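> If it helps, the file is called start_24.cif and holds mmCIF, C-alpha atoms:
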```
data_upload
#
loop_
_atom_site.label_atom_id
_atom_site.label_comp_id
_atom_site.auth_asym_id
_atom_site.auth_seq_id
_atom_site.Cartn_x
_atom_site.Cartn_y
_atom_site.Cartn_z
CA MET N 1356 14.88 7.79 4.76
CA SER N 1357 13.83 6.24 1.51
CA ASN N 1358 11.90 8.19 -1.04
CA ASP N 1359 11.55 5.46 -3.64
CA GLY N 1360 8.77 3.74 -1.75
CA CYS N 1361 5.64 5.16 -0.21
CA GLY N 1362 5.79 3.09 2.95
CA ALA N 1363 5.86 4.78 6.31
CA PRO N 1364 9.45 5.30 7.47
CA GLU N 1365 10.73 4.33 10.90
CA GLN N 1366 9.49 6.95 13.36
CA THR N 1367 11.99 8.89 15.46
CA ALA N 1368 11.82 11.95 17.71
CA ALA N 1369 14.60 13.67 15.69
CA LEU N 1370 13.57 15.04 12.30
CA PRO N 1371 15.15 13.39 9.26
CA PRO N 1372 17.91 15.46 7.63
CA GLY N 1373 16.81 17.86 4.92
CA VAL N 1374 13.46 18.76 6.47
CA ASP N 1375 13.04 22.56 6.46
CA LEU N 1376 10.72 23.58 9.30
CA GLY N 1377 10.57 27.03 7.71
CA LYS N 1378 8.70 25.46 4.78
CA GLU N 1379 7.01 22.28 5.98
CA ILE N 1380 4.21 21.71 8.45
CA VAL N 1381 5.26 18.86 10.70
CA LEU N 1382 2.81 17.26 13.15
CA GLY N 1383 4.70 15.21 15.70
CA GLY N 1384 4.34 13.70 19.13
CA LYS N 1385 4.00 10.59 21.25
CA VAL N 1386 1.42 7.90 21.89
CA THR N 1387 1.15 7.15 25.60
CA ALA N 1388 -0.95 5.10 28.01
CA ASP N 1389 -0.93 6.05 31.70
CA GLY N 1390 2.09 8.26 31.00
CA ALA N 1391 4.15 5.45 29.46
CA PRO N 1392 5.10 5.49 25.77
CA VAL N 1393 3.21 3.06 23.49
CA GLY N 1394 5.23 1.64 20.60
CA GLY N 1395 3.68 -0.29 17.74
CA ALA N 1396 0.47 1.75 17.67
CA PHE N 1397 -1.08 2.44 14.25
CA VAL N 1398 -1.25 6.23 14.11
CA ARG N 1399 -3.66 7.64 11.52
CA LEU N 1400 -3.85 11.23 10.28
CA LEU N 1401 -7.44 12.26 9.46
CA ASP N 1402 -8.38 15.53 7.75
CA ALA N 1403 -11.00 18.04 8.90
CA SER N 1404 -13.79 15.90 7.41
CA GLY N 1405 -12.50 12.79 9.20
CA GLU N 1406 -11.11 11.32 5.97
CA PHE N 1407 -7.96 9.20 6.19
CA THR N 1408 -4.76 10.89 5.00
CA ALA N 1409 -1.76 8.90 6.24
CA GLU N 1410 -0.70 6.24 8.72
CA VAL N 1411 2.53 5.36 10.51
CA VAL N 1412 3.51 2.94 13.28
CA SER N 1413 4.77 4.58 16.47
CA SER N 1414 8.39 3.91 17.44
CA PRO N 1415 9.27 1.93 20.60
CA GLU N 1416 9.36 5.35 22.34
CA GLY N 1417 5.85 6.12 21.07
CA ASP N 1418 7.01 8.72 18.51
CA PHE N 1419 5.17 9.57 15.29
CA ARG N 1420 5.37 12.32 12.69
CA PHE N 1421 3.41 13.60 9.67
CA PHE N 1422 4.16 16.15 6.95
CA ALA N 1423 0.87 17.88 6.31
CA ALA N 1424 -0.85 20.63 4.37
CA PRO N 1425 -2.29 23.58 6.36
CA GLY N 1426 -5.51 22.68 8.11
CA GLN N 1427 -7.27 21.08 11.05
CA TRP N 1428 -6.20 17.50 11.68
CA THR N 1429 -7.13 14.57 13.89
CA VAL N 1430 -4.46 12.09 14.93
CA ARG N 1431 -6.02 8.74 15.84
CA ALA N 1432 -4.01 5.86 17.34
CA LEU N 1433 -5.06 2.19 17.29
CA HIS N 1434 -3.44 -0.36 19.58
CA ARG N 1435 -4.45 -3.80 20.83
CA THR N 1436 -4.83 -2.27 24.30
CA GLY N 1437 -7.17 0.50 23.08
CA ASN N 1438 -7.59 3.52 20.81
CA GLY N 1439 -7.38 7.29 21.27
CA GLU N 1440 -7.25 10.53 19.33
CA ALA N 1441 -6.24 14.21 19.50
CA ARG N 1442 -6.89 17.28 17.35
CA VAL N 1443 -4.44 19.89 16.12
CA VAL N 1444 -4.75 23.03 14.00
CA ALA N 1445 -1.68 23.70 11.86
CA ASP N 1446 -1.80 26.85 9.75
CA ALA N 1447 1.89 27.70 9.38
CA PRO N 1448 5.17 25.85 8.76
CA GLY N 1449 6.95 24.49 11.82
CA LEU N 1450 6.67 21.64 14.32
CA HIS N 1451 3.18 21.27 15.76
CA PRO N 1452 3.20 19.00 18.83
CA VAL N 1453 0.38 16.45 19.31
CA ALA N 1454 -0.06 14.06 22.24
CA VAL N 1455 -2.30 11.00 21.93
CA THR N 1456 -3.31 8.76 24.81
CA VAL N 1457 -4.73 5.28 24.25
CA GLY N 1458 -6.42 2.81 26.53
CA MET P 1483 -14.34 -15.03 -8.06
CA SER P 1484 -15.53 -14.43 -4.52
CA ARG P 1485 -13.98 -12.78 -1.49
CA GLU P 1486 -13.08 -16.21 -0.08
CA ASP P 1487 -11.06 -17.00 -3.22
CA VAL P 1488 -8.77 -14.01 -2.90
CA LEU P 1489 -8.73 -13.15 0.82
CA VAL P 1490 -8.18 -15.20 3.95
CA THR P 1491 -9.19 -14.05 7.40
CA ALA P 1492 -6.77 -13.79 10.32
CA GLU P 1493 -8.74 -16.62 12.00
CA TRP P 1494 -8.24 -18.90 9.01
CA ALA P 1495 -4.58 -17.96 8.82
CA GLU P 1496 -3.91 -18.76 12.46
CA GLU P 1497 -5.61 -22.15 12.06
CA ASN P 1498 -3.56 -22.95 8.96
CA LEU P 1499 -0.05 -21.91 9.96
CA ALA P 1500 1.20 -25.49 9.67
CA THR P 1501 -0.98 -26.66 6.79
CA PRO P 1502 1.18 -28.32 4.11
CA GLY P 1503 1.11 -26.50 0.80
CA VAL P 1504 0.22 -23.15 2.37
CA VAL P 1505 3.08 -20.64 2.41
CA PHE P 1506 2.81 -17.35 4.30
CA VAL P 1507 4.90 -14.53 2.89
CA GLU P 1508 5.44 -11.14 4.53
CA VAL P 1509 6.10 -8.39 2.00
CA ASP P 1510 7.20 -4.89 2.85
CA GLU P 1511 9.36 -2.01 1.80
CA ASP P 1512 11.04 -2.04 5.18
CA THR P 1513 11.57 -5.59 6.40
CA SER P 1514 12.66 -4.61 9.92
CA ALA P 1515 9.09 -5.39 11.05
CA TYR P 1516 9.54 -8.99 9.88
CA ASP P 1517 12.83 -9.28 11.72
CA GLY P 1518 11.20 -8.01 14.92
CA GLY P 1519 8.46 -10.64 14.77
CA HIS P 1520 6.53 -12.29 11.94
CA ILE P 1521 3.68 -14.72 11.51
CA PRO P 1522 5.12 -18.08 12.58
CA GLY P 1523 6.57 -19.89 9.56
CA ALA P 1524 6.30 -16.94 7.18
CA VAL P 1525 9.14 -16.16 4.79
CA LYS P 1526 9.90 -12.58 3.76
CA ILE P 1527 10.11 -10.74 0.48
CA ASP P 1528 11.66 -7.29 0.41
CA TRP P 1529 9.64 -5.08 -1.94
CA ARG P 1530 12.69 -3.11 -3.00
CA THR P 1531 15.62 -5.51 -3.04
CA ASP P 1532 13.73 -8.64 -4.15
CA LEU P 1533 11.11 -7.29 -6.57
CA GLN P 1534 12.82 -4.29 -8.22
CA ASP P 1535 15.67 -4.42 -10.73
CA PRO P 1536 18.74 -2.99 -8.94
CA VAL P 1537 19.73 -0.74 -11.87
CA ARG P 1538 16.84 0.01 -14.25
CA ARG P 1539 13.43 1.16 -13.06
CA ASP P 1540 11.58 -2.09 -13.70
CA PHE P 1541 10.79 -5.42 -12.11
CA VAL P 1542 13.13 -8.36 -11.81
CA ASP P 1543 12.76 -10.42 -14.98
CA ARG P 1544 11.12 -13.82 -15.26
CA ALA P 1545 14.34 -15.66 -14.45
CA GLY P 1546 14.88 -13.39 -11.45
CA PHE P 1547 11.38 -14.10 -10.16
CA GLU P 1548 11.95 -17.85 -10.59
CA LYS P 1549 15.21 -17.58 -8.65
CA LEU P 1550 13.54 -15.58 -5.86
CA LEU P 1551 10.61 -17.96 -5.38
CA SER P 1552 12.86 -21.03 -5.63
CA ALA P 1553 15.15 -19.62 -2.94
CA ARG P 1554 12.18 -18.87 -0.67
CA GLY P 1555 10.98 -22.44 -1.02
CA ILE P 1556 7.76 -21.60 -2.88
CA ALA P 1557 6.62 -24.26 -5.35
CA ASN P 1558 4.33 -23.76 -8.35
CA GLY P 1559 1.54 -25.69 -6.64
CA ASP P 1560 1.72 -23.87 -3.31
CA ARG P 1561 -1.09 -21.69 -2.01
CA VAL P 1562 0.64 -18.40 -1.20
CA VAL P 1563 -0.84 -16.11 1.46
CA LEU P 1564 0.65 -12.61 1.37
CA TYR P 1565 0.54 -10.04 4.14
CA GLY P 1566 2.43 -6.93 5.20
CA GLY P 1567 2.39 -3.55 6.88
CA ASN P 1568 1.11 -0.25 5.50
CA ASN P 1569 -2.43 -1.68 5.20
CA ASN P 1570 -1.18 -4.45 2.91
CA TRP P 1571 -0.01 -2.04 0.17
CA PHE P 1572 3.16 -3.94 -0.59
CA ALA P 1573 1.45 -7.29 -0.11
CA ALA P 1574 -1.20 -6.19 -2.64
CA TYR P 1575 1.61 -5.13 -4.95
CA ALA P 1576 3.21 -8.55 -4.54
CA TYR P 1577 -0.18 -10.20 -5.16
CA TRP P 1578 -0.45 -8.31 -8.47
CA TYR P 1579 3.18 -9.17 -9.20
CA PHE P 1580 2.62 -12.89 -8.52
CA LYS P 1581 -0.38 -12.76 -10.91
CA LEU P 1582 1.76 -10.90 -13.45
CA TYR P 1583 4.17 -13.84 -13.48
CA GLY P 1584 1.36 -16.38 -13.60
CA HIS P 1585 1.07 -17.70 -10.03
CA GLN P 1586 -2.66 -18.36 -9.67
CA ALA P 1587 -2.99 -19.73 -6.12
CA VAL P 1588 -2.30 -16.53 -4.23
CA GLN P 1589 -4.36 -14.77 -1.56
CA LEU P 1590 -4.07 -11.78 0.74
CA LEU P 1591 -4.42 -11.97 4.51
CA ASP P 1592 -7.29 -9.52 5.05
CA GLY P 1593 -6.02 -6.66 7.21
CA GLY P 1594 -2.41 -7.75 6.94
CA ARG P 1595 0.01 -7.19 9.82
CA LYS P 1596 -2.17 -4.49 11.32
CA LYS P 1597 -5.20 -6.70 11.89
CA TRP P 1598 -2.95 -9.53 13.09
CA GLU P 1599 -1.28 -7.25 15.64
CA LEU P 1600 -4.51 -5.52 16.74
CA ASP P 1601 -5.98 -8.98 17.34
CA GLY P 1602 -2.94 -9.80 19.52
CA ARG P 1603 -2.13 -12.92 17.46
CA PRO P 1604 1.28 -14.63 17.83
CA LEU P 1605 4.46 -13.33 16.22
CA SER P 1606 7.74 -15.20 16.06
CA LYS P 1607 11.38 -14.15 15.73
CA ASP P 1608 12.49 -17.65 14.74
CA ALA P 1609 14.43 -17.90 11.49
CA VAL P 1610 12.38 -19.61 8.78
CA THR P 1611 13.99 -21.89 6.22
CA ARG P 1612 12.12 -23.78 3.55
CA GLU P 1613 13.60 -26.31 1.17
CA GLU P 1614 14.59 -24.76 -2.14
CA THR P 1615 12.28 -25.41 -5.09
CA GLN P 1616 12.56 -25.25 -8.88
CA TYR P 1617 9.95 -22.57 -9.49
CA VAL P 1618 8.85 -21.94 -13.08
CA ALA P 1619 7.24 -18.56 -13.87
CA GLN P 1620 5.20 -17.50 -16.91
CA GLU P 1621 5.84 -14.54 -19.19
CA GLN P 1622 4.40 -11.30 -17.77
CA ASP P 1623 0.65 -10.97 -18.23
CA LYS P 1624 0.52 -7.49 -19.76
CA ALA P 1625 -3.27 -7.51 -19.48
CA ILE P 1626 -2.90 -6.25 -15.90
CA ARG P 1627 0.07 -3.85 -16.31
CA ALA P 1628 -0.23 -0.39 -17.91
CA PHE P 1629 2.66 1.58 -19.42
CA ARG P 1630 2.95 5.32 -19.94
CA ASP P 1631 1.86 5.65 -23.60
CA GLU P 1632 -1.26 3.64 -22.89
CA VAL P 1633 -1.99 5.92 -19.95
CA VAL P 1634 -1.67 9.07 -22.06
CA ASP P 1635 -3.98 7.46 -24.67
CA ALA P 1636 -6.46 6.63 -21.91
CA ILE P 1637 -7.10 10.29 -21.05
CA ALA P 1638 -10.83 10.94 -21.42
CA THR P 1639 -11.41 7.48 -22.93
CA LYS P 1640 -10.81 4.95 -20.12
CA ASN P 1641 -11.49 5.15 -16.41
CA LEU P 1642 -8.37 6.62 -14.82
CA VAL P 1643 -8.45 6.14 -11.06
CA ASP P 1644 -5.99 8.15 -9.02
CA VAL P 1645 -5.88 6.48 -5.61
CA ARG P 1646 -3.61 9.00 -3.86
CA SER P 1647 -4.82 11.27 -1.09
CA PRO P 1648 -6.87 14.36 -2.13
CA ASP P 1649 -3.93 16.71 -1.40
CA GLU P 1650 -1.62 14.70 -3.66
CA PHE P 1651 -4.33 14.59 -6.36
CA SER P 1652 -4.92 18.34 -6.29
CA GLY P 1653 -1.19 19.09 -6.32
CA LYS P 1654 -0.85 20.45 -2.77
CA LEU P 1655 1.43 17.55 -1.81
CA LEU P 1656 3.85 15.40 -3.83
CA ALA P 1657 3.95 12.39 -1.52
CA PRO P 1658 1.86 10.90 1.28
CA ALA P 1659 1.79 13.00 4.43
CA HIS P 1660 4.17 10.71 6.32
CA LEU P 1661 7.01 11.58 3.91
CA PRO P 1662 9.01 14.79 3.32
CA GLN P 1663 7.81 16.63 0.25
CA GLU P 1664 10.88 17.56 -1.82
CA GLN P 1665 10.48 15.66 -5.08
CA ALA P 1666 11.51 16.27 -8.68
CA GLN P 1667 8.23 15.72 -10.51
CA ARG P 1668 5.42 18.18 -11.16
CA ALA P 1669 2.41 18.10 -8.85
CA GLY P 1670 -1.14 17.30 -9.95
CA HIS P 1671 -2.95 14.46 -11.67
CA ILE P 1672 -3.67 12.98 -15.10
CA PRO P 1673 -6.51 14.92 -16.76
CA SER P 1674 -9.89 13.11 -16.60
CA ALA P 1675 -8.74 10.97 -13.66
CA ILE P 1676 -11.13 10.56 -10.77
CA ASN P 1677 -9.78 10.59 -7.22
CA VAL P 1678 -10.76 7.61 -5.08
CA PRO P 1679 -8.14 7.35 -2.34
CA TRP P 1680 -7.08 3.74 -1.71
CA SER P 1681 -8.01 4.18 1.94
CA LYS P 1682 -11.71 4.36 1.08
CA ALA P 1683 -11.49 0.69 0.11
CA ALA P 1684 -10.26 -0.27 3.59
CA ASN P 1685 -11.66 -0.33 7.08
CA GLU P 1686 -9.77 1.24 9.98
CA ASP P 1687 -8.27 -2.14 10.92
CA GLY P 1688 -6.86 -2.62 7.42
CA THR P 1689 -9.41 -5.17 6.17
CA PHE P 1690 -11.12 -4.56 2.83
CA ARG P 1691 -14.62 -3.10 2.88
CA SER P 1692 -17.48 -5.37 1.86
CA GLU P 1693 -18.15 -5.91 -1.84
CA ASP P 1694 -21.42 -3.95 -1.54
CA GLU P 1695 -19.61 -0.99 0.01
CA LEU P 1696 -16.88 -1.16 -2.65
CA ARG P 1697 -19.42 -1.36 -5.50
CA GLU P 1698 -21.19 1.71 -4.14
CA LEU P 1699 -17.89 3.56 -3.61
CA TYR P 1700 -16.70 3.20 -7.19
CA ARG P 1701 -20.15 3.68 -8.71
CA GLU P 1702 -20.62 6.92 -6.81
CA ALA P 1703 -17.11 8.06 -7.80
CA GLY P 1704 -18.11 7.73 -11.44
CA ILE P 1705 -16.33 4.61 -12.69
CA ASP P 1706 -18.01 3.52 -15.92
CA ASP P 1707 -18.48 -0.28 -15.84
CA GLY P 1708 -18.47 -0.35 -19.64
CA LYS P 1709 -14.93 0.98 -19.89
CA ALA P 1710 -11.48 -0.37 -19.13
CA THR P 1711 -9.80 1.00 -16.02
CA ILE P 1712 -6.24 2.04 -15.17
CA ALA P 1713 -5.34 2.67 -11.54
CA TYR P 1714 -2.30 4.67 -10.46
CA CYS P 1715 -0.79 6.33 -7.40
CA ARG P 1716 2.76 7.55 -6.80
CA ILE P 1717 4.81 4.37 -7.29
CA GLY P 1718 2.18 1.70 -7.94
CA GLU P 1719 1.70 -0.02 -4.58
CA ARG P 1720 -1.35 1.87 -3.28
CA SER P 1721 -2.90 1.40 -6.73
CA SER P 1722 -2.25 -2.35 -6.43
CA HIS P 1723 -4.56 -2.21 -3.41
CA THR P 1724 -7.28 -0.61 -5.55
CA TRP P 1725 -6.51 -2.94 -8.48
CA PHE P 1726 -7.17 -5.79 -6.04
CA ALA P 1727 -10.50 -4.25 -4.97
CA LEU P 1728 -11.69 -3.66 -8.55
CA HIS P 1729 -10.30 -6.72 -10.33
CA GLU P 1730 -10.24 -9.39 -7.65
CA LEU P 1731 -13.06 -8.45 -5.26
CA LEU P 1732 -15.53 -6.78 -7.66
CA GLY P 1733 -14.56 -8.81 -10.72
CA HIS P 1734 -14.12 -5.93 -13.17
CA SER P 1735 -12.58 -7.67 -16.17
CA ASP P 1736 -10.23 -5.06 -17.65
CA VAL P 1737 -8.28 -3.32 -14.91
CA LYS P 1738 -4.60 -2.47 -15.15
CA ASN P 1739 -2.17 -1.14 -12.59
CA TYR P 1740 0.12 1.65 -13.83
CA ASP P 1741 3.21 0.95 -11.73
CA GLY P 1742 5.10 3.90 -13.26
CA SER P 1743 2.44 6.04 -11.60
CA TRP P 1744 2.97 9.66 -10.65
CA THR P 1745 6.75 9.47 -10.20
CA GLU P 1746 6.90 8.62 -13.92
CA TYR P 1747 3.94 10.58 -15.30
CA GLY P 1748 4.75 13.72 -13.31
CA SER P 1749 8.26 13.71 -14.79
CA LEU P 1750 7.24 13.24 -18.46
CA VAL P 1751 7.93 16.16 -20.80
CA GLY P 1752 4.98 17.52 -22.74
CA VAL P 1753 2.10 15.51 -21.23
CA PRO P 1754 -0.99 17.26 -19.89
CA VAL P 1755 -1.27 17.71 -16.12
CA GLU P 1756 -4.31 18.96 -14.25
CA VAL P 1757 -4.21 20.60 -10.82
CA GLY P 1758 -7.02 21.27 -8.37
CA PRO P 1759 -9.82 19.03 -7.19
CA GLY P 1760 -10.65 17.66 -10.66
CA THR P 1761 -13.67 18.02 -12.89
CA ASN P 1762 -15.42 14.73 -12.16
#
```
Could you rewrite the structure in this file as structure tokens?

Amino acid sequence: MSNDGCGAPEQTAALPPGVDLGKEIVLGGKVTADGAPVGGAFVRLLDASGEFTAEVVSSPEGDFRFFAAPGQWTVRALHRTGNGEARVVADAPGLHPVAVTVG
Amino acid sequence: MSREDVLVTAEWAEENLATPGVVFVEVDEDTSAYDGGHIPGAVKIDWRTDLQDPVRRDFVDRAGFEKLLSARGIANGDRVVLYGGNNNWFAAYAYWYFKLYGHQAVQLLDGGRKKWELDGRPLSKDAVTREETQYVAQEQDKAIRAFRDEVVDAIATKNLVDVRSPDEFSGKLLAPAHLPQEQAQRAGHIPSAINVPWSKAANEDGTFRSEDELRELYREAGIDDGKATIAYCRIGERSSHTWFALHELLGHSDVKNYDGSWTEYGSLVGVPVEVGPGTN
């Protein structure tokens, strides 16, 4: 994990060390198509008004993760095979699972 | 300057992969994407290890930039096409950096890696070697780089454009939402700054919005055409994206990128900081 740049870090299912789920809201999950994980999808976090907030690339296992403020969020995935999105409401610290299917 | 002078399309790029005198360069903070597959023939520049001084917080000096470009096989007369991940943030940073050291023939691949991948265009894992050159750089063009004292003096006099996300601007978050939030600096923004997130300048596929859309975006946000502008973000790469939109695509004449950005300003002792959604 590098904090000197702003680029999206490599996405993994396991949380990076030092993340306190008692304090941070973490939105995490997988991008799938027909039940199979989709790596290399561009996963965008949009706020309640649909405005862009952050973007990461899903891992080869389809994993992605965001650290968010409290609120209602849309996770939208873009892939050359198709796009998809899912909504999640996160009001309290902890891991909030999100599943996105594309195609 | 027109869009065609500063941007190339993915179509153009694919047709010109083997054109002599055109050098494709992938720039990112994390170069593992390059290693897993890059535009055929492209060389790589690592934003951190190649462009940042390893000890001080500053850029590599002129001699260091000359050494880097010579080693990558980039000649003074080459047309350099930059692209990267993260919606071209680091490529836009490198574009600004190339201009800072006086390389004029430089362009961005519109949409960067994202557009290239979404289009399903070819990627290669082949090692790329180019013959070493004797690159000669210019002294830094300070007309496009802002430092902290100038930024403090610009409060309420110049356009200050904070291009971070609204939650970073208001002080709810200290970093983009894909990063953990424990950081040393204070949260908030520079007083009088307007918040125009970099992402508003880009389409979903990573390409820049049209000049008409960009003009309307910044006009509506309250940028005064009659004033100089300083753009900033957290570390200066997202604001390079906006610097590109304002200076290169819209042709605003006096636009600087503050690469110290919030990680510097938010750590300064005694400077004013504003929290909340802003007054503009």
> When you look at stretch 1748-1757 of chain P with a cut-off of 10 Å (counting all atoms listed in the file), what residues show up, excluding the ones that are within fewer than 3 positions of it in the same chain? I need them as a tab-separated table (two decimals) with C-alpha atoms, in the coordinates of the input.

```tsv
chain	number	residue	atom	x	y	z
P	1630	ARG	CA	2.95	5.32	-19.94
P	1634	VAL	CA	-1.67	9.07	-22.06
P	1637	ILE	CA	-7.10	10.29	-21.05
P	1650	GLU	CA	-1.62	14.70	-3.66
P	1651	PHE	CA	-4.33	14.59	-6.36
P	1652	SER	CA	-4.92	18.34	-6.29
P	1653	GLY	CA	-1.19	19.09	-6.32
P	1654	LYS	CA	-0.85	20.45	-2.77
P	1656	LEU	CA	3.85	15.40	-3.83
P	1666	ALA	CA	11.51	16.27	-8.68
P	1667	GLN	CA	8.23	15.72	-10.51
P	1668	ARG	CA	5.42	18.18	-11.16
P	1669	ALA	CA	2.41	18.10	-8.85
P	1670	GLY	CA	-1.14	17.30	-9.95
P	1671	HIS	CA	-2.95	14.46	-11.67
P	1672	ILE	CA	-3.67	12.98	-15.10
P	1673	PRO	CA	-6.51	14.92	-16.76
P	1674	SER	CA	-9.89	13.11	-16.60
P	1675	ALA	CA	-8.74	10.97	-13.66
P	1716	ARG	CA	2.76	7.55	-6.80
P	1742	GLY	CA	5.10	3.90	-13.26
P	1743	SER	CA	2.44	6.04	-11.60
P	1744	TRP	CA	2.97	9.66	-10.65
P	1745	THR	CA	6.75	9.47	-10.20
P	1760	GLY	CA	-10.65	17.66	-10.66
P	1761	THR	CA	-13.67	18.02	-12.89
```
> Taking the file as shown, what set of residues would the PyMOL selection byres ((chain P) within 9 of (chain N)) give back, as a PyMOL selection string?
chain P and resi 1510-1512+1529-1530+1567-1569+1571-1572+1596+1599-1602+1647-1649+1654-1655+1657-1665+1679+1681-1682+1686-1687+1716-1717+1719-1720
> Pick the closest to P:Glu1613 from P:Ser1552, P:Asn1558, P:Asn1570, P:Asn1641: which is it, counting only C-alpha atoms?
P:Ser1552
> Taking all listed atoms of stretch 1587-1596 of chain P, build the axis-aligned box, pad each of the six sides by 3 Å, then write its centre and edge lengths in Å to one decimal as JSON.

```
{"center_x": -3.6, "center_y": -12.1, "center_z": 2.6, "size_x": 13.3, "size_y": 21.2, "size_z": 23.4}
```
> With all atoms listed in the file as the basis for distance, which of P:Val1509, P:Leu1696, P:Ala1609, P:Val1633 is at the shortest distance from P:Tyr1577?
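Of P:Val1509, P:Leu1696, P:Ala1609, P:Val1633, the one nearest P:Tyr1577, counting all atoms listed in the file, is P:Val1509.
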> Separation of atom CA of N:Ala1432 and atom CA of P:Trp1598, in Å?
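Separation of atom CA of N:Ala1432 and atom CA of P:Trp1598: 16.0 Å.
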> Starting from the displayed file, determine the output of the PyMOL selection byres ((chain P and resi 1735) around 12) and express the residue list as an mmCIF file with C-alpha atoms, in the coordinates of the input.

```
data_model
loop_
_atom_site.group_PDB
_atom_site.id
_atom_site.type_symbol
_atom_site.label_atom_id
_atom_site.label_comp_id
_atom_site.auth_asym_id
_atom_site.auth_seq_id
_atom_site.Cartn_x
_atom_site.Cartn_y
_atom_site.Cartn_z
ATOM 1 C CA MET P 1483 -14.340 -15.030 -8.060
ATOM 2 C CA ALA P 1625 -3.270 -7.510 -19.480
ATOM 3 C CA ILE P 1626 -2.900 -6.250 -15.900
ATOM 4 C CA ASP P 1707 -18.480 -0.280 -15.840
ATOM 5 C CA GLY P 1708 -18.470 -0.350 -19.640
ATOM 6 C CA LYS P 1709 -14.930 0.980 -19.890
ATOM 7 C CA ALA P 1710 -11.480 -0.370 -19.130
ATOM 8 C CA THR P 1711 -9.800 1.000 -16.020
ATOM 9 C CA ILE P 1712 -6.240 2.040 -15.170
ATOM 10 C CA TRP P 1725 -6.510 -2.940 -8.480
ATOM 11 C CA PHE P 1726 -7.170 -5.790 -6.040
ATOM 12 C CA ALA P 1727 -10.500 -4.250 -4.970
ATOM 13 C CA LEU P 1728 -11.690 -3.660 -8.550
ATOM 14 C CA HIS P 1729 -10.300 -6.720 -10.330
ATOM 15 C CA GLU P 1730 -10.240 -9.390 -7.650
ATOM 16 C CA LEU P 1731 -13.060 -8.450 -5.260
ATOM 17 C CA LEU P 1732 -15.530 -6.780 -7.660
ATOM 18 C CA GLY P 1733 -14.560 -8.810 -10.720
ATOM 19 C CA HIS P 1734 -14.120 -5.930 -13.170
ATOM 20 C CA ASP P 1736 -10.230 -5.060 -17.650
ATOM 21 C CA VAL P 1737 -8.280 -3.320 -14.910
ATOM 22 C CA LYS P 1738 -4.600 -2.470 -15.150
#
```
> Given the file shown, determine the residues that the PyMOL selection byres ((chain P and resi 1581-1583) around 10) selects; report them as a list in words.
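Evaluating the PyMOL selection byres ((chain P and resi 1581-1583) around 10) on this file yields Asp1543, Arg1544, Phe1547, Glu1548, Tyr1575, Ala1576, Tyr1577, Trp1578, Tyr1579, Phe1580, Gly1584, His1585, Gln1586, Ala1587, Val1588, Val1618, Ala1619, Gln1620, Glu1621, Gln1622, Asp1623, Lys1624, Ala1625, Ile1626 and Arg1627 of chain P.
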> Could you please give me, as a ChimeraX atom specification, the residues of protein, DNA or RNA lying at most 7 Å from (1.8, 19.3, 18.4) in the coordinate frame of the file, considering all atoms listed in the file?
/N:1382-1384,1443,1450-1454
> So how far away is atom CA of P:Ala1713 from atom CA of P:Thr1491, in Å?
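It comes out at 25.6 Å.
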> Interatomic distance between atom CA of P:Asp1644 and atom CA of P:Gly1704?
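The value is 12.4 Å.
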